[in-house]
Structures are given as C-alpha cells and as structure tokens.
Protein chains: 4
Amino acid sequence: MATRSATPKRSGVNDGGGTPSAPRADARALRAQGHRTHAKLLDAGMVVLRDRGYHAARVDDVVRIADVSHGTFYLYFTNKEDLFRALATQCAEEMTSRIGSLGVVDSGADGLAELERWVDGFVTCYAEYGVVIRAWMEDQVSSRDLARLGTRTFRTVSATLVARLAEASPDADEGEVALSAAALVAMIERFTYFVTSRGLDLPPGEVVRTLAALIHRGFFHGSIN
Amino acid sequence: MATRSATPKRSGVNDGGGTPSAPRADARALRAQGHRTHAKLLDAGMVVLRDRGYHAARVDDVVRIADVSHGTFYLYFTNKEDLFRALATQCAEEMTSRIGSLGVVDSGADGLAELERWVDGFVTCYAEYGVVIRAWMEDQVSSRDLARLGTRTFRTVSATLVARLAEASPDADEGEVALSAAALVAMIERFTYFVTSRGLDLPPGEVVRTLAALIHRGFFHGSIN
Amino acid sequence: MATRSATPKRSGVNDGGGTPSAPRADARALRAQGHRTHAKLLDAGMVVLRDRGYHAARVDDVVRIADVSHGTFYLYFTNKEDLFRALATQCAEEMTSRIGSLGVVDSGADGLAELERWVDGFVTCYAEYGVVIRAWMEDQVSSRDLARLGTRTFRTVSATLVARLAEASPDADEGEVALSAAALVAMIERFTYFVTSRGLDLPPGEVVRTLAALIHRGFFHGSIN
Amino acid sequence: MATRSATPKRSGVNDGGGTPSAPRADARALRAQGHRTHAKLLDAGMVVLRDRGYHAARVDDVVRIADVSHGTFYLYFTNKEDLFRALATQCAEEMTSRIGSLGVVDSGADGLAELERWVDGFVTCYAEYGVVIRAWMEDQVSSRDLARLGTRTFRTVSATLVARLAEASPDADEGEVALSAAALVAMIERFTYFVTSRGLDLPPGEVVRTLAALIHRGFFHGSIN
DNA sequence: TATGAATGAGTGTTCATTCAT
DNA sequence: TATGAATGAACACTCATTCAT
C-alpha cells in the first residue's frame with residue numbers, strides 16, 4: 001500500500017513532560033533519504049500490527065520488514081510505543097476526516113443512503129487501521145496519551161451520531177441518546193471486526209448495506225422494506 | 001469474591017509435546033488444603049486477568065497474589081495457559097447455564113421482561129468473567145482449543161437469539177437473522193464492556209434496562225413507550 | 001522381574017563422613033511393609049534408569065512407578081543419588097559373583113567354551129544393569145564414592161582377564177597385558193551396548209558366540225575355524 | 001586451542017515450531033567483531049562440554065567463559081542445542097577428513113604403519129572433540145538430527161574399516177566383517193577414552209602404537225614381533 | 001544517516017528436597 | 001510408616017533498548 005504521512009511530526013502529545021528526554025528522534029530536518037526511511041518504518045509498523053497484533057508486535061519484525069537496522073529504528077522513534085503513537089495519529093486523522101460528519105438521517109431512502117455513506121467511511125477506515133481501532137476499543141494501549149487520543153477520536157465520531165439520533169427521537173432525553181450512540185458505535189465496530197477479521201465472510205459492499213439497514217431500522221425508525 | 005469450582009478437572013487436552021515424563025499437575029486427589037490452594041490460584045488468576053489483561057498476565061503476579069511459591073503453581077496447572085483454560089471453562093459453564101435459553105420475546109411488556117432477564121444474565125456473567133469473554137471476542141487467546149471453547153460458547157448464546165429473532169421477523173431470511181443476531185451480540189458485549197470496565201458510569205440495573213429496551217425496540221418491534 | 005535384595009543396607013560406602021548427617025533413611029529395623037516399599041522403590045529406580053537414563057531420571061518418575069509418595073522416598077533414601085548407589089551396589093555384587101573368575105583359556109575349543117561362559121555372564125549382567133554399567137564406563141556418576149565403586153568393580157573384572165592374557169602371551173610384559181585387558185573390556189562393553197541398546201539386532205546367543213570368538217582369536221591365539 | 005570455522009552456517013535445520021517471528025540467530029552477514037564473538041562462543045562451548053559434559057552443560061557457563069551476555073548467545077545460536085550442533089558439525093567434518101580413508105593394511109610393517117596413521121587420526125580427533133564423539137557413542141544427544149549426524153559419521157568411519165577387514169579375512173562372510181568392524185570401533189573409542197579422559201595415563205604416542213599393534217595382531221593377522 | 005553488535009532485566013518452567021499431619 | 005503439599009534455586013530463552021563505528 002502507499003506510504004502516507006511520511007512527515008515525522010513526533011506525536012507531540014507527550015513531549016511536555018519535564019526533561020527534554022531523548023535527544024534523538026526529535027523533530028529533525030529530514031532529507032529525502034530520511035523521509036523514505038521514516039515512511040518505510042511506518043508502513044512496516046502497520047504490517048506488523050496487522051499480522052501480529054498490538055501485543056505481539058516486535059521491533060525486530062518491524063525493522064526486518066522495513067529492512068533497516070535496529071539502530072535506525074531508534075533514530076526515528078524514541079520507543080516502540082512512539083511508532084504506534086504515530087500510526088494512531090494517522091488513524092485518528094483519517095477517521096476524523098472520513099466520518100467526522102453525518103448529514104440528516106430521515107426515515108426514508110435518503111436517510112438510508114446518507115447512513116450508508118457514513119458506514120462505508122467507517123468500514124474503509126477499519127480495513128486500513130483496524131488494529132489501531134481495536135487497540136483503542138479494547139483498551140490495549142499502555143500509555144495514557146495514546147488512550148486519550150482514542151477516547152477523543154471516538155467522542156468525535158459519537159458526537160456526529162448523537163446529533164442525528166436526537167433529531168430522530170425528539171422525545172428521548174440526553175442520556176438515552178448518548179447511550180444509544182454508544183451502543184451504536186459498539187455494534188458497528190464489533191460487527192465490522194467480526195466480518196473483517198474473523199470467519200464471517202461477507203462481501204464488503206454487503207457489510208455496509210447490512211449494517212446501514214440494521215441501524216436505519218433499529219435506531220432511526222427506518223421503514224425501507 | 002467467592003471461590004467457585006475448586007475441583008481441578010484438568011481440561012484433559014494433552015499437550016502431546018516431548019516425553020510425557022511425570023505429569024505434575026495431573027488429576028490428583030486433592031485434600032482440603034489442596035482445594036484451598038487450587039481455589040486461591042483460580043481467584044488470583046481472575047484478579048490478575050482483570051488487572052493486567054490476558055497478554056500482560058504474569059505467573060509471577062498470580063503466585064504473589066495467591067501467596068504461594070512458583071513451584072506450587074505448577075503443581076496445580078501445567079501451564080500459564082492451563083490456568084486460563086480452567087477460568088475459561090468456568091466462564092463457559094456459567095454462560096451456558098445463565099443465558100443458554102431465552103423465552104419467547106413478544107413486542108409487549110412480557111417480551112421486554114424476558115429480554116431483561118436474559119440481558120441481566122449476560123451482564124452478571126460479564127461482571128465476573130469479563131476478561132475471559134473479552135479475550136474470546138477479541139481473539140486474544142493463543143491456543144486452538146481455548147479459541148474453540150469461546151466460539152462454541154458464543155454460538156450457543158447466538159442460537160438462543162436467532163430463534164427468537166426469526167419469530168419476531170417472519171419475513172426475514174435466514175442470513176439476515178444470523179447477521180442481526182451477530183450484531184446484537186456484538187452490541188451487547190461491547191456496550192457492557194464500556195459500561196463495566198471503562199468510565200461510562202451507569203448503575204448496573206440501569207444498564208440492563210437500557211440495553212433491553214434498546215434491543216426490544218430495535219430488534220423485536222417493541223412498542224413499550 | 002523379581003524383587004531382589006530388598007534389604008536396605010544403605011550402601012555403606014559413604015556413611016563414614018563426619019556428622020551422622022540424615023537422621024532418617026538410616027539403617028532402620030524394617031518390618032514386612034517397610035521391606036516391601038523399599039523393594040518397590042529399588043525396582044522402580046531400575047525401571048526409570050532403564051527408560052530415561054541416568055541423567056534424565058527423575059524422583060518423580062520413581063515414586064510414581066513405585067506408587068508411593070515423595071515423602072516416602074526420602075524415608076528410604078537420603079538422596080536421589082542414594083538410590084542409585086543402592087542399585088550400583090547390587091550391580092557390583094552381581095558382576096563380581098558372575099564374572100569375578102575366569103578359568104584357563106587355551107587356544108582350543110575348551111578355551112573358547114570357558115570364554116563363552118564368561119562373556120555370557122557379562123552379557124547377562126548387562127541385560128539387567130546396563131544403565132549402571134554404562135554410567136560407570138561413561139563416568140556419568142556425580143559422586144566420588146559411586147565412581148570408586150565402579151572403578152573397583154571393573155578392576156576386579158579386569159584382573160581376571162589379566163591373569164589369563166598373561167598366560168596366553170608369556171612374552172608380553174606387564175604393561176602390555178594390562179593395556180590389552182583394558183582394550184578387551186572396552187570392546188566387550190561397547191559391543192554389548194551397541195547390540196543391546198541400539199539398533200544392531202543380533203540374537204543374544206549370537207552376541208555371546210561372536211564376541212567370544214573374536215576375543216579368542218584376537219587375544220588368545222584362538223584357532224577354532 | 002585455536003578458533004576454527006568461525007563461519008556461522010546455522011545448520012539449516014529449521015525447528016519449525018510455532019510462529020517464525022524474527023529468526024534471531026539466522027544466517028547474518030558477520031563483520032570481524034561478529035566473527036570473533038561467534039568463535040569465542042564455539043570455543044567456550046567446547047570448554048564447557050569438556051568440563052561439564054553434554055547434559056550438565058549450561059548456557060550460563062558458556063557465556064561466562066566467552067565473556068558475553070546471555071542475549072548475545074542467542075544472537076549467534078537459536079538454542080543451546082544449536083551450539084552443540086555447530087560443534088558436532090565441526091567434529092564430523094574433521095573426522096571425515098582425517099579418518100575417512102584407510103589404505104590397504106597388510107600383515108607386515110607397512111600395514112602396521114598405515115594403521116598407525118589412521119589410529120593417530122582418530123586419537124587426534126578425540127583429543128579435540130572427545131566430548132562430542134562420546135555424546136554420539138553414548139547416545140546422549142536429544143535431537144533426532146544430531147543423532148543422525150553421529151550415526152552417519154560413524155558409518156563413514158566404519159566403512160573404511162569394513163573394506164580392509166574384508167581383504168584381510170577373505171573367508172569371513174559379510175556379517176562377520178561388519179561385526180568385527182563394530183567391535184573394532186568400539187574398542188578404539190573406549191580405549192582412547194580411558195586413556196585420554198580417565199586415569200590410565202600413557203604417553204600419547206604410546207597410545208597410538210599400542211592400539212595399532214593390538215588391532216594389527218588381532219584383526220589383521222599382523223605378525224610384527 | 002546508518003549499522004551490526006551487545007546488553008540485561010524479565011518470564012515461564014523444572015525438580016530435588018522438606019514438612020506438617 | 002506414609003502422605004499430600006509446598007518450596008525456591010536453577011535454567012533456557014526473549015526483547016526493548018543502547019552504543020561504538
């Protein structure tokens with residue numbers, strides 16, 4: 001797959017802590033070569049994460065796949081976790097841009113279509129960043145700030161739903177709507193996970209349609225067949 | 001919490017590796033003292049699993065909490081995994097007995113009540129065995145047979161739903177019902193997880209009522225307000 | 001096989017060292033029951049030694065086969081090694097009695113016959129105590145006195161050969177004869193080992209005849225066919 | 001002793017167990033430093049093997065003697081056994097090259113001289129690789145392929161003898177010759193062992209002369225004095 | 001900018017031996 | 001006389017991280 005976001009922005013979240021810890025891997029002016037290596041490591045990290053999962057991911061694997069030495073890895077990332085942070089940041093950006101907004105969802109065909117667009121965005125993100133998303137949902141991340149990044153991202157996604165759910169069920173109070181949104185996100189994520197990563201094979205298009213229909217009917221009073 | 005099922009049934013799955021020398025942790029006739037230690041280890045295992053998660057669980061922690069020596073651990077379990085298998089078996093039994101059946105769910109108050117009973121069973125199991133259930137759902141288990149135990153358990157639970165969903169939506173074809181059931185299970189599990197193990201404070205009774213209502217309305221044409 | 005020498009004589013070799021070390025497992029007046037247990041342990045020890053070899057022999061295996069508890073083992077033997085010492089003592093006795101003497105070996109049929117008798121004695125001992133003999137020959141024994149017992153036993157066996165070899169080659173000096181005897185013992189032991197414990201299938205009677213003929217011809221100027 | 005064969009050829013036999021993650025000790029391009037360490041480990045392995053024997057050899061000892069860390073060991077060998085495999089391979093090569101061939105052995109002085117050359121080769125190998133050879137002869141090796149390597153090596157050595165023994169005793173049938181060869185190898189190995197590793201001290205040159213004379217007379221109708 | 005080499009704390013598991021009952 | 005239970009030192013192996021070149 002393509003190499004995206006090869007800019008080493010050094011996740012920015014944690015750097016505020018006391019001593020300016022590591023002198024290396026810091027925001028450095030990278031030349032073409034450096035950019036290439038950085039990108040290779042990010043991509044390799046993605047591959048390893050996908051293949052081995054968050055906990056079983058080894059720096060060894062990453063550098064082998066990226067075809068660089070161990071030393072080089074620590075030239076670009078202070079930590080194993082730092083690599084994951086970078087990946088997570090990519091993921092958060094993509095999710096926000098793809099499913100950070102949701103148009104009005106009425107009970108008719110238009111509402112269903114809008115829902116399908118949104119669900120499709122989610123499923124697409126999942127295909128790429130499934131492991132990261134899961135690490136968030138399953139609270140596997142070890143560091144505080146990585147967890148916070150996840151929480152924030154999901155709150156953003158939830159918020160788009162809350163607004164629409166409130167419109168669809170004007171009688172429901174705020175708490176009820178929030179819980180519905182949570183349940184909805186939960187359902188979408190797990191369902192996509194089952195279909196994507198486990199045996200439940202179902203053509204990708206079908207996944208989106210099925211999920212959207214389910215949500216439309218169950219949460220938006222949808223009445224399409 | 002109480003000590004349950006202190007009988008060391010030693011799941012019988014013989015590892016089959018190398019010379020079978022002396023099977024330490026094999027089915028032994030235990031006396032009172034032995035039962036106590038076995039139970040202490042199971043309980044400690046549960047605690048460690050809860051605190052550290054499946055992957056980060058260390059035998060070290062287990063024996064420290066159970067207040068026994070390292071050697072003692074391997075007197076009762078052949079493996080770290082063997083302990084988890086025992087825990088998982090307990091979980092599977094409890095789930096099957098508690099939510100292995102679901103009465104007819106009509107669209108009225110009776111249906112909602114039955115649903116609440118069922119959801120309550122799930123939430124109760126989750127309070128006790130959440131980590132195990134999550135390990136299954138998140139496919140964290142490393143061994144074949146542990147994974148199979150999970151699959152089987154969840155199929156049992158799903159099956160109870162499929163039957164009722166089919167009754168509630170006679171027009172839906174088999175595949176649609178299966179997918180709905182999957183989505184339903186996914187939603188219940190994740191929702192309970194969020195509420196139980198993450199910040200989403202909600203009184204336990206409320207969780208059950210909320211979930212049941214959501215399901216009743218969304219999946220069983222429920223019409224209670 | 002039968003239980004031999006069930007009398008717990010506590011190998012006698014090491015007891016002379018300083019403090020009367022272990023208060024248990026000492027020469028005790030055993031009743032019938034005790035004798036039985038002691039014998040069971042000896043037999044089990046033999047079995048384990050045969051099956052697992054000297055180094056891989058585990059107390060665990062011994063007590064399991066003898067069907068007694070760990071504690072009981074240490075009631076009869078101070079050590080794992082102590083059990084081996086007892087076994088080795090048995091072996092030394094049997095070897096001394098069976099092949100502690102060798103008649104005149106002339107170059108004719110009578111010489112060959114006498115040689116066959118002697119070799120048969122060795123092979124018989126080997127069938128029973130092979131592991132012990134090998135442990136001696138291969139210097140696997142960890143303790144000083146166990147090694148000494150082996151050395152002494154083999155010196156006894158060697159001595160019977162030296163006398164006869166000297167008669168057969170009157171011209172050879174003392175050193176030459178000693179070396180020949182050593183080479184002879186070496187050959188017999190290894191050859192028997194190969195045939196007995198490794199793939200070299202050969203009917204037991206044939207082993208004896210072959211070895212005797214080889215020795216007769218090579219070391220005693222034998223001229224039978 | 002000198003450092004030989006520092007090239008890490010990593011015997012190629014893939015263990016095949018579990019996920020192949022990152023094969024640490026795999027064929028890596030070594031630089032001078034790496035070669036040095038690899039050689040240090042091989043040498044240390046030899047020392048430990050000699051001092052402690054095959055079973056009692058500890059990785060701990062090896063790294064202490066080689067003066068490297070534990071981790072470093074596993075950078076060069078996948079296993080404790082892998083180190084032994086490397087040593088055994090060295091041994092097999094040396095034996096094959098030194099005693100893989102034996103010229104015609106007549107009953108005169110020339111035959112004796114050729115025999116002495118051959119025996120000297122064996123004794124030399126033994127001085128260096130005694131422990132490995134013994135591990136083979138005594139069947140102490142745990143792994144299948146290590147054992148096979150030993151069998152093959154000894155078959156090669158045996159074969160050189162079989163050919164000559166057949167010439168020397170044209171009347172003997174095939175089976176007899178094979179058994180004689182086996183007995184011969186057995187004798188040579190054990191004799192050398194006794195002399196080399198146990199108390200029987202005898203000047204090295206004398207060992208060779210004695211053994212060769214013994215064999216010449218006993219197996220090749222030798223008639224020198 | 002990159003690399004091969006080295007490290008060492010940490011982790012699961014084994015096993016001879018002791019002890020209270 | 002016997003037992004079930006417990007112990008803890010010992011050992012093989014892993015892996016994130018550092019460093020000299």
# chains A, B, ... in the order shown; residues from 1 in each chain; ligands from 1
call {"tool": "residues_around", "arguments": {"residues": "region 9-13 of chain F", "least_positions_apart": "2", "cutoff": "9 Å", "atoms": "only C-alpha atoms (C1' of nucleotides)", "output": "MDAnalysis selection string"}}
result
(chainID D and resid 58:60 71 74 79:80) or (chainID E and resid 11 13:14)
call {"tool": "select_by_dssp", "arguments": {"residues": "region 39-153 of chain D", "states": "helix (DSSP H, G or I)", "output": "number ranges by chain"}}
result
D: 39-52, 59-66, 70-76, 80-99, 109-137, 144-153
call {"tool": "calpha_fit_rmsd", "arguments": {"fixed": "chain C", "moving": "chain D"}}
result
1.4 Å
call {"tool": "closest_atom_pairs", "arguments": {"of": "chain D", "to": "chain C", "cutoff": "8 Å", "atoms": "only C-alpha atoms", "output": "Markdown table"}}
result
| residue | atom | partner | partner_atom | distance |
| --- | --- | --- | --- | --- |
| D:His55 | CA | C:His55 | CA | 7.2 |
| D:Glu138 | CA | C:Glu138 | CA | 7.7 |
| D:Ser180 | CA | C:Leu214 | CA | 7.5 |
| D:Ala182 | CA | C:Phe191 | CA | 7.1 |
| D:Ala183 | CA | C:Phe191 | CA | 5.6 |
| D:Leu184 | CA | C:Met187 | CA | 7.2 |
| D:Ala186 | CA | C:Arg190 | CA | 5.4 |
| D:Met187 | CA | C:Met187 | CA | 4.1 |
| D:Ile188 | CA | C:Ala183 | CA | 7.7 |
| D:Arg190 | CA | C:Ala186 | CA | 5.3 |
| D:Phe191 | CA | C:Ala183 | CA | 5.5 |
| D:Thr210 | CA | C:Leu179 | CA | 7.9 |
| D:Leu214 | CA | C:Ser180 | CA | 7.4 |
| D:Arg217 | CA | C:Gly218 | CA | 6.9 |
| D:Gly218 | CA | C:Gly218 | CA | 3.7 |
| D:Phe219 | CA | C:Gly218 | CA | 6.4 |
call {"tool": "write_last_selection", "arguments": {"atoms": "N, CA and C atoms", "output": "PDB file, in the first residue's frame"}}
result
ATOM      1  N   HIS D  55      25.187 -33.207  29.246  1.00  0.00           N
ATOM      2  CA  HIS D  55      23.938 -32.926  29.954  1.00  0.00           C
ATOM      3  C   HIS D  55      24.040 -31.778  30.944  1.00  0.00           C
ATOM      4  N   GLU D 138      27.472 -42.599  23.149  1.00  0.00           N
ATOM      5  CA  GLU D 138      26.679 -42.920  24.323  1.00  0.00           C
ATOM      6  C   GLU D 138      25.228 -42.506  24.139  1.00  0.00           C
ATOM      7  N   SER D 180      32.899 -57.380  13.270  1.00  0.00           N
ATOM      8  CA  SER D 180      34.286 -57.113  13.636  1.00  0.00           C
ATOM      9  C   SER D 180      34.567 -55.612  13.595  1.00  0.00           C
ATOM     10  N   ALA D 182      32.464 -53.197  13.915  1.00  0.00           N
ATOM     11  CA  ALA D 182      31.781 -52.564  15.035  1.00  0.00           C
ATOM     12  C   ALA D 182      32.594 -52.752  16.315  1.00  0.00           C
ATOM     13  N   ALA D 183      33.039 -53.955  16.539  1.00  0.00           N
ATOM     14  CA  ALA D 183      33.825 -54.238  17.737  1.00  0.00           C
ATOM     15  C   ALA D 183      35.110 -53.417  17.743  1.00  0.00           C
ATOM     16  N   LEU D 184      35.676 -53.294  16.605  1.00  0.00           N
ATOM     17  CA  LEU D 184      36.926 -52.549  16.467  1.00  0.00           C
ATOM     18  C   LEU D 184      36.723 -51.075  16.830  1.00  0.00           C
ATOM     19  N   ALA D 186      34.333 -49.830  18.524  1.00  0.00           N
ATOM     20  CA  ALA D 186      34.005 -49.782  19.944  1.00  0.00           C
ATOM     21  C   ALA D 186      35.268 -49.788  20.787  1.00  0.00           C
ATOM     22  N   MET D 187      36.139 -50.694  20.472  1.00  0.00           N
ATOM     23  CA  MET D 187      37.370 -50.811  21.244  1.00  0.00           C
ATOM     24  C   MET D 187      38.223 -49.551  21.149  1.00  0.00           C
ATOM     25  N   ILE D 188      38.417 -49.092  19.958  1.00  0.00           N
ATOM     26  CA  ILE D 188      39.247 -47.902  19.772  1.00  0.00           C
ATOM     27  C   ILE D 188      38.695 -46.704  20.537  1.00  0.00           C
ATOM     28  N   ARG D 190      36.543 -46.541  23.137  1.00  0.00           N
ATOM     29  CA  ARG D 190      36.585 -46.671  24.589  1.00  0.00           C
ATOM     30  C   ARG D 190      38.017 -46.620  25.123  1.00  0.00           C
ATOM     31  N   PHE D 191      38.875 -47.292  24.407  1.00  0.00           N
ATOM     32  CA  PHE D 191      40.271 -47.304  24.841  1.00  0.00           C
ATOM     33  C   PHE D 191      40.833 -45.881  24.871  1.00  0.00           C
ATOM     34  N   THR D 210      50.295 -48.698  20.725  1.00  0.00           N
ATOM     35  CA  THR D 210      49.674 -49.849  21.391  1.00  0.00           C
ATOM     36  C   THR D 210      48.399 -50.294  20.667  1.00  0.00           C
ATOM     37  N   LEU D 214      47.738 -53.765  18.647  1.00  0.00           N
ATOM     38  CA  LEU D 214      46.646 -54.636  19.106  1.00  0.00           C
ATOM     39  C   LEU D 214      45.730 -54.998  17.940  1.00  0.00           C
ATOM     40  N   ARG D 217      47.471 -57.125  15.161  1.00  0.00           N
ATOM     41  CA  ARG D 217      47.597 -58.525  15.533  1.00  0.00           C
ATOM     42  C   ARG D 217      46.239 -59.204  15.593  1.00  0.00           C
ATOM     43  N   GLY D 218      45.296 -58.567  16.256  1.00  0.00           N
ATOM     44  CA  GLY D 218      44.010 -59.223  16.497  1.00  0.00           C
ATOM     45  C   GLY D 218      43.073 -59.258  15.298  1.00  0.00           C
ATOM     46  N   PHE D 219      43.134 -58.258  14.455  1.00  0.00           N
ATOM     47  CA  PHE D 219      42.144 -58.190  13.385  1.00  0.00           C
ATOM     48  C   PHE D 219      42.726 -58.312  11.978  1.00  0.00           C
TER      49      PHE D 219
END
call {"tool": "interface_residues", "arguments": {"of": "chain A", "to": "chain E", "cutoff": "9 Å", "atoms": "only C-alpha atoms (C1' of nucleotides)", "output": "MDAnalysis selection string"}}
result
chainID A and resid 33:34 68:72 75
call {"tool": "closest_atom_pairs", "arguments": {"of": "chain F", "to": "chain B", "cutoff": "9 Å", "atoms": "only C-alpha atoms (C1' of nucleotides)", "output": "tab-separated table"}}
result
residue	atom	partner	partner_atom	distance
F:DG4	C1'	B:Arg31	CA	7.6
F:DA5	C1'	B:Gly34	CA	7.0
F:DA6	C1'	B:Thr72	CA	6.2
F:DT7	C1'	B:Ser69	CA	6.4
F:DG8	C1'	B:Ser69	CA	7.6
call {"tool": "residues_around", "arguments": {"residues": "Asp106 (chain D)", "least_positions_apart": "2", "cutoff": "9 Å", "atoms": "only C-alpha atoms (C1' of nucleotides)", "output": "list in words"}}
result
Val104, Gly108, Ala109, Asp110, Gly111, Leu112, Arg164, Glu167, Ala168, His216, Phe220, His221 and Gly222 of chain D
call {"tool": "write_last_selection", "arguments": {"atoms": "N, CA and C atoms", "output": "short mmCIF file (atom, residue, chain, number, x, y, z; two decimals), in the first residue's frame"}}
result
data_model
loop_
_atom_site.label_atom_id
_atom_site.label_comp_id
_atom_site.auth_asym_id
_atom_site.auth_seq_id
_atom_site.Cartn_x
_atom_site.Cartn_y
_atom_site.Cartn_z
N VAL D 104 45.39 -49.89 2.20
CA VAL D 104 45.47 -51.33 2.39
C VAL D 104 46.30 -51.64 3.65
N GLY D 108 52.16 -57.03 7.30
CA GLY D 108 53.55 -56.64 7.56
C GLY D 108 53.70 -55.26 8.15
N ALA D 109 54.92 -54.75 8.11
CA ALA D 109 55.24 -53.45 8.70
C ALA D 109 54.49 -52.31 8.03
N ASP D 110 54.30 -52.40 6.73
CA ASP D 110 53.58 -51.35 6.01
C ASP D 110 52.14 -51.24 6.49
N GLY D 111 51.53 -52.40 6.65
CA GLY D 111 50.15 -52.42 7.14
C GLY D 111 50.07 -51.77 8.52
N LEU D 112 51.00 -52.13 9.37
CA LEU D 112 51.01 -51.56 10.71
C LEU D 112 51.17 -50.04 10.65
N ARG D 164 38.81 -52.92 4.50
CA ARG D 164 40.12 -53.51 4.79
C ARG D 164 40.02 -54.84 5.51
N GLU D 167 39.32 -57.59 3.11
CA GLU D 167 40.52 -58.01 2.40
C GLU D 167 41.37 -58.94 3.25
N ALA D 168 41.46 -58.58 4.54
CA ALA D 168 42.36 -59.33 5.41
C ALA D 168 41.83 -60.72 5.75
N HIS D 216 46.32 -54.62 14.72
CA HIS D 216 47.04 -55.30 13.64
C HIS D 216 47.10 -56.80 13.94
N PHE D 220 44.06 -58.12 11.89
CA PHE D 220 44.64 -58.16 10.55
C PHE D 220 45.76 -59.20 10.42
N HIS D 221 45.72 -60.21 11.30
CA HIS D 221 46.73 -61.26 11.25
C HIS D 221 48.14 -60.70 11.30
N GLY D 222 48.30 -59.57 11.91
CA GLY D 222 49.61 -58.92 11.99
C GLY D 222 50.65 -59.83 12.63
#
